[in-house]
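Novice: Shown below is the structure under consideration.
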Amino acid sequence: MNGPLLTVENLTKHYPLGGGFSKRNTPVIRAVQDVSFSLEAGETLCIVGESGCGKSTIARLLMRLIDPSEGRVLLEGIDIASLKKHELRNQRRRMQMVFQDPYSSLNPRLSAGQIITEPVENFQRLSRTQREALAAKLLQQVGLAPEIMHRLPSELSGGQRQRLGIARALSLMPAIIIADEAVSALDVSVQAQILNLLMDLQQELGIAFVFISHDLGVVEHIGHKVAVMYLGRIVELARCEDLFANPVHPYTETLIAAAPVPDPTHRGLEARLEGEVPSPVNPPTGCAFHPRCPLAVDRCRQDVPTLHTMADGRVVACHVRAPTIRENSDIVSEALLLSQ
Ligand SMILES: Nc1ncnc2c1ncn2[C@@H]1O[C@H](COP(=O)(O)OP(=O)(O)OP(=O)(O)O)[C@@H](O)[C@H]1O
């Protein structure tokens, strides 16, 4: 295969709201707006941002649980929107999901062994011996004892249940796992164990992760690349170490500074995110972050900033911190005018 494992191009999802006289003027929730990124085998892309910024909608679009309003998702070069039902079923084997709440995502009436072998049994018949051998192998991969295969989810701890969710996702040998807030419901010590398990599995099996989280500590631990989202759009996408060492977008900087364990060596914008996230139905003009941004200038209130590629390869959408070449030349010509 040439090219990235996963390519997302200009992905957009608008949910229509009731009301409006015609389809054209029906108000919409702009859940995801013009999102692009790529993912290589064995890589972890984290998606971060405040509640409602569109993270889970991206997960659902990637799995094609919902259709995009615009844009494409290419898995191993194939546009998943072009797949027929049976092709999509096969393609879904390559991309699996792990959810936040392991309890509600596991069938309470099935034993652990049945839960983790069920996805495979949707594709092929297994004898009892084959099923038990597969269950034992998957349990071992996620660090659970084989005896657990006969227990019900209600007889397991939160951490064990999340390991079970991961074993179920692994059963179809996916190339990509989408983890949506997969450790948020767990105690901190269990969180660390699950994160380390995911990283070990990545090393061993070359799995790529799209890891959705609002917890920057978790993201810093597990991520290779980080996409920071604000009101449906990516505002900064960078290598993890670059993002945490030197956040460029004022929103990224404020998020990092406001994180529960701020880096005491980091000095920059104050660790405050004032005001509410604006409505995705009626977003502010220009840069959606401008009403909360301490650096906003007139241009931010007027024009939506486009993503600009910086010298270190990151992309940032900010008129002030990452002006495009045209904006730069405007600033230079303004400066020249002033100096005349
Ligand atoms: N099925 C839907 N119908 C209408 N609006 C929706 C639907 N699903 C999500 N939304 C809206 O789309 C926006 C993005 O939601 P989404 O769940 O993707 O955000 P999120 O970043 O995952 O939030 P959280 O961290 O709280 O889960 C929100 O304004 C949400 O209310």
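Chain labels run A, B, ... following the order of the structure tokens; each chain numbers its residues from 1, and ligands are numbered from 1 in the order shown.
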Using only C-alpha atoms and all ligand atoms, find each residue with an atom at most 10 Å away from ligand 1 and format the answer as a PyMOL selection string.
Specialist: chain A and resi 13-17+28-32+47-61+66+100+180-181+212-214+229-232+277-281
Novice: Just the selected residues (N, CA and C atoms), exported as a short mmCIF file (atom, residue, chain, number, x, y, z; two decimals), in the first residue's frame, please.
Specialist:
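The resulting again_30.cif:
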```
data_model
loop_
_atom_site.label_atom_id
_atom_site.label_comp_id
_atom_site.auth_asym_id
_atom_site.auth_seq_id
_atom_site.Cartn_x
_atom_site.Cartn_y
_atom_site.Cartn_z
N LYS A 13 -19.45 17.76 8.97
CA LYS A 13 -20.75 17.19 9.35
C LYS A 13 -21.63 18.29 9.92
N HIS A 14 -22.74 18.53 9.23
CA HIS A 14 -23.75 19.47 9.72
C HIS A 14 -24.99 18.68 10.07
N TYR A 15 -25.52 18.88 11.27
CA TYR A 15 -26.80 18.26 11.63
C TYR A 15 -27.89 19.31 11.45
N PRO A 16 -28.90 19.02 10.61
CA PRO A 16 -29.98 20.00 10.46
C PRO A 16 -30.81 20.12 11.74
N LEU A 17 -31.18 21.35 12.06
CA LEU A 17 -32.10 21.58 13.18
C LEU A 17 -33.49 21.75 12.60
N VAL A 28 -28.35 24.77 10.92
CA VAL A 28 -27.61 23.52 11.11
C VAL A 28 -26.64 23.65 12.29
N ILE A 29 -26.37 22.51 12.91
CA ILE A 29 -25.29 22.44 13.91
C ILE A 29 -24.03 22.08 13.15
N ARG A 30 -23.04 22.96 13.20
CA ARG A 30 -21.78 22.69 12.49
C ARG A 30 -20.88 21.89 13.41
N ALA A 31 -21.12 20.57 13.45
CA ALA A 31 -20.41 19.71 14.41
C ALA A 31 -18.95 19.52 14.03
N VAL A 32 -18.69 19.33 12.73
CA VAL A 32 -17.32 19.13 12.23
C VAL A 32 -17.20 19.93 10.95
N ILE A 47 -6.96 13.44 19.41
CA ILE A 47 -7.84 14.58 19.10
C ILE A 47 -8.31 15.15 20.43
N VAL A 48 -8.00 16.42 20.67
CA VAL A 48 -8.36 17.04 21.95
C VAL A 48 -9.20 18.29 21.73
N GLY A 49 -9.88 18.70 22.78
CA GLY A 49 -10.70 19.91 22.71
C GLY A 49 -11.81 19.80 23.73
N GLU A 50 -12.44 20.95 24.00
CA GLU A 50 -13.50 20.97 25.01
C GLU A 50 -14.74 20.20 24.54
N SER A 51 -15.61 19.92 25.48
CA SER A 51 -16.84 19.20 25.19
C SER A 51 -17.62 19.89 24.07
N GLY A 52 -18.09 19.09 23.12
CA GLY A 52 -18.91 19.62 22.04
C GLY A 52 -18.13 20.12 20.84
N CYS A 53 -16.79 19.95 20.83
CA CYS A 53 -16.00 20.50 19.71
C CYS A 53 -16.02 19.57 18.50
N GLY A 54 -16.62 18.38 18.63
CA GLY A 54 -16.77 17.53 17.44
C GLY A 54 -15.95 16.25 17.45
N LYS A 55 -15.32 15.92 18.58
CA LYS A 55 -14.42 14.75 18.63
C LYS A 55 -15.17 13.45 18.33
N SER A 56 -16.28 13.22 19.03
CA SER A 56 -17.00 11.95 18.83
C SER A 56 -17.65 11.89 17.46
N THR A 57 -18.04 13.04 16.94
CA THR A 57 -18.61 13.05 15.58
C THR A 57 -17.55 12.58 14.59
N ILE A 58 -16.30 12.99 14.78
CA ILE A 58 -15.23 12.51 13.89
C ILE A 58 -15.12 10.99 14.01
N ALA A 59 -15.15 10.46 15.25
CA ALA A 59 -15.06 9.00 15.43
C ALA A 59 -16.18 8.31 14.66
N ARG A 60 -17.39 8.83 14.76
CA ARG A 60 -18.53 8.19 14.09
C ARG A 60 -18.40 8.29 12.57
N LEU A 61 -17.83 9.41 12.09
CA LEU A 61 -17.63 9.56 10.65
C LEU A 61 -16.56 8.58 10.16
N ILE A 66 -22.09 7.35 10.64
CA ILE A 66 -22.89 8.45 10.06
C ILE A 66 -22.19 8.88 8.77
N GLN A 100 -15.80 4.76 25.89
CA GLN A 100 -15.50 5.30 27.22
C GLN A 100 -16.00 4.39 28.34
N ASP A 180 -12.42 6.28 21.99
CA ASP A 180 -13.15 7.53 22.32
C ASP A 180 -13.26 7.65 23.84
N GLU A 181 -12.44 8.51 24.40
CA GLU A 181 -12.40 8.72 25.86
C GLU A 181 -12.26 7.37 26.58
N ILE A 212 -9.16 9.79 21.25
CA ILE A 212 -9.94 10.98 21.55
C ILE A 212 -9.96 11.21 23.06
N SER A 213 -9.59 12.40 23.47
CA SER A 213 -9.53 12.65 24.91
C SER A 213 -9.63 14.14 25.19
N HIS A 214 -10.15 14.48 26.37
CA HIS A 214 -10.10 15.88 26.77
C HIS A 214 -8.97 16.07 27.78
N MET A 229 -8.93 20.72 18.55
CA MET A 229 -10.15 21.18 17.88
C MET A 229 -10.85 22.26 18.67
N TYR A 230 -11.41 23.21 17.95
CA TYR A 230 -12.24 24.22 18.58
C TYR A 230 -13.47 24.43 17.70
N LEU A 231 -14.64 24.21 18.29
CA LEU A 231 -15.93 24.41 17.60
C LEU A 231 -15.93 23.77 16.19
N GLY A 232 -15.56 22.50 16.15
CA GLY A 232 -15.67 21.73 14.91
C GLY A 232 -14.47 21.79 13.98
N VAL A 277 -17.90 28.04 25.34
CA VAL A 277 -17.70 27.70 23.93
C VAL A 277 -18.93 28.23 23.19
N PRO A 278 -18.74 28.98 22.09
CA PRO A 278 -19.92 29.52 21.39
C PRO A 278 -20.78 28.41 20.78
N SER A 279 -21.98 28.79 20.33
CA SER A 279 -22.91 27.81 19.76
C SER A 279 -22.42 27.36 18.37
N PRO A 280 -22.46 26.05 18.10
CA PRO A 280 -22.09 25.59 16.76
C PRO A 280 -23.19 25.84 15.74
N VAL A 281 -24.35 26.36 16.21
CA VAL A 281 -25.43 26.70 15.28
C VAL A 281 -25.17 28.08 14.69
#
```
Novice: Assign secondary structure with DSSP using the backbone only, and return the residues of stretch 139-294 of chain A in alpha helix (DSSP H) as a PyMOL selection string.
Specialist: chain A and resi 139-141+158-170+188-205+216-222+240-245+250-258
Novice: Using only C-alpha atoms, find the one residue out of A:Leu156, A:Cys46, A:Leu198, A:Leu295 that sits nearest to A:Lys225.
Specialist: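 Between A:Leu156, A:Cys46, A:Leu198, A:Leu295, the residue approaching A:Lys225 most closely is A:Cys46.
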Novice: In terms of the shortest atom-to-atom distance over only C-alpha atoms, which of A:Gly3, A:Gly165, A:Gly223, A:Pro108 is closest to A:Arg151?
Specialist: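 Selected residue with least distance to A:Arg151: A:Pro108.
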Novice: What does the distance between atom CA of A:Leu65 and atom CA of A:Ala81 come to in Å, to one decimal place?
Specialist: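 Answer for the atom CA of A:Leu65 to atom CA of A:Ala81 separation: 10.9 Å.
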Novice: Pick out the closest residue to A:Thr117 from this set: A:Asn10, A:Ser69, A:Ser171, A:Ser82. Count only C-alpha atoms.
Specialist: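 Once distances to A:Thr117 are computed over only C-alpha atoms, the minimum belongs to A:Ser171.
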Novice: Please indicate the distance in Å from atom CA of A:Ala167 to atom CA of A:Arg64, rounded to one decimal place.
Specialist: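 Spanning atom CA of A:Ala167 to atom CA of A:Arg64 is a straight-line distance of 21.8 Å.
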Novice: Mind the document's chain letters and residue numbers, and return as a ChimeraX atom specification the residues of stretch 103-316 of chain A that DSSP labels strand (DSSP E or B).
Specialist: /A:176-180,208-212,225-230,233-239,308-309,315-316
Novice: Go through A:Ala41, A:Glu70, A:Asp101, A:Met63 and flag the residue nearest A:Gly206, using only C-alpha atoms for the distances.
Specialist: A:Ala41
Novice: Hey, can you check how far atom CA of A:Gly71 sits from atom CA of A:Glu9?
Specialist: 5.5 Å
Novice: For A:Glu220, which residue among A:Thr12, A:Val188, A:Leu45, A:Glu274 is the nearest when counting only C-alpha atoms?
Specialist: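 Residue with the minimum atom-to-atom distance to A:Glu220: A:Leu45.
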Novice: Between A:Arg321, A:Arg161, A:Arg131, A:Arg72, which is the closest to A:Asn246 once you count only C-alpha atoms?
Specialist: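 So, comparing all the options, the nearest one is A:Arg321.
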Novice: If we count only C-alpha atoms and set the cut-off at 9 Å, which residues sit around A:Asp242, ignoring sequence neighbours fewer than 5 positions away in its own chain? Please answer as a count of residues only.
Specialist: 3
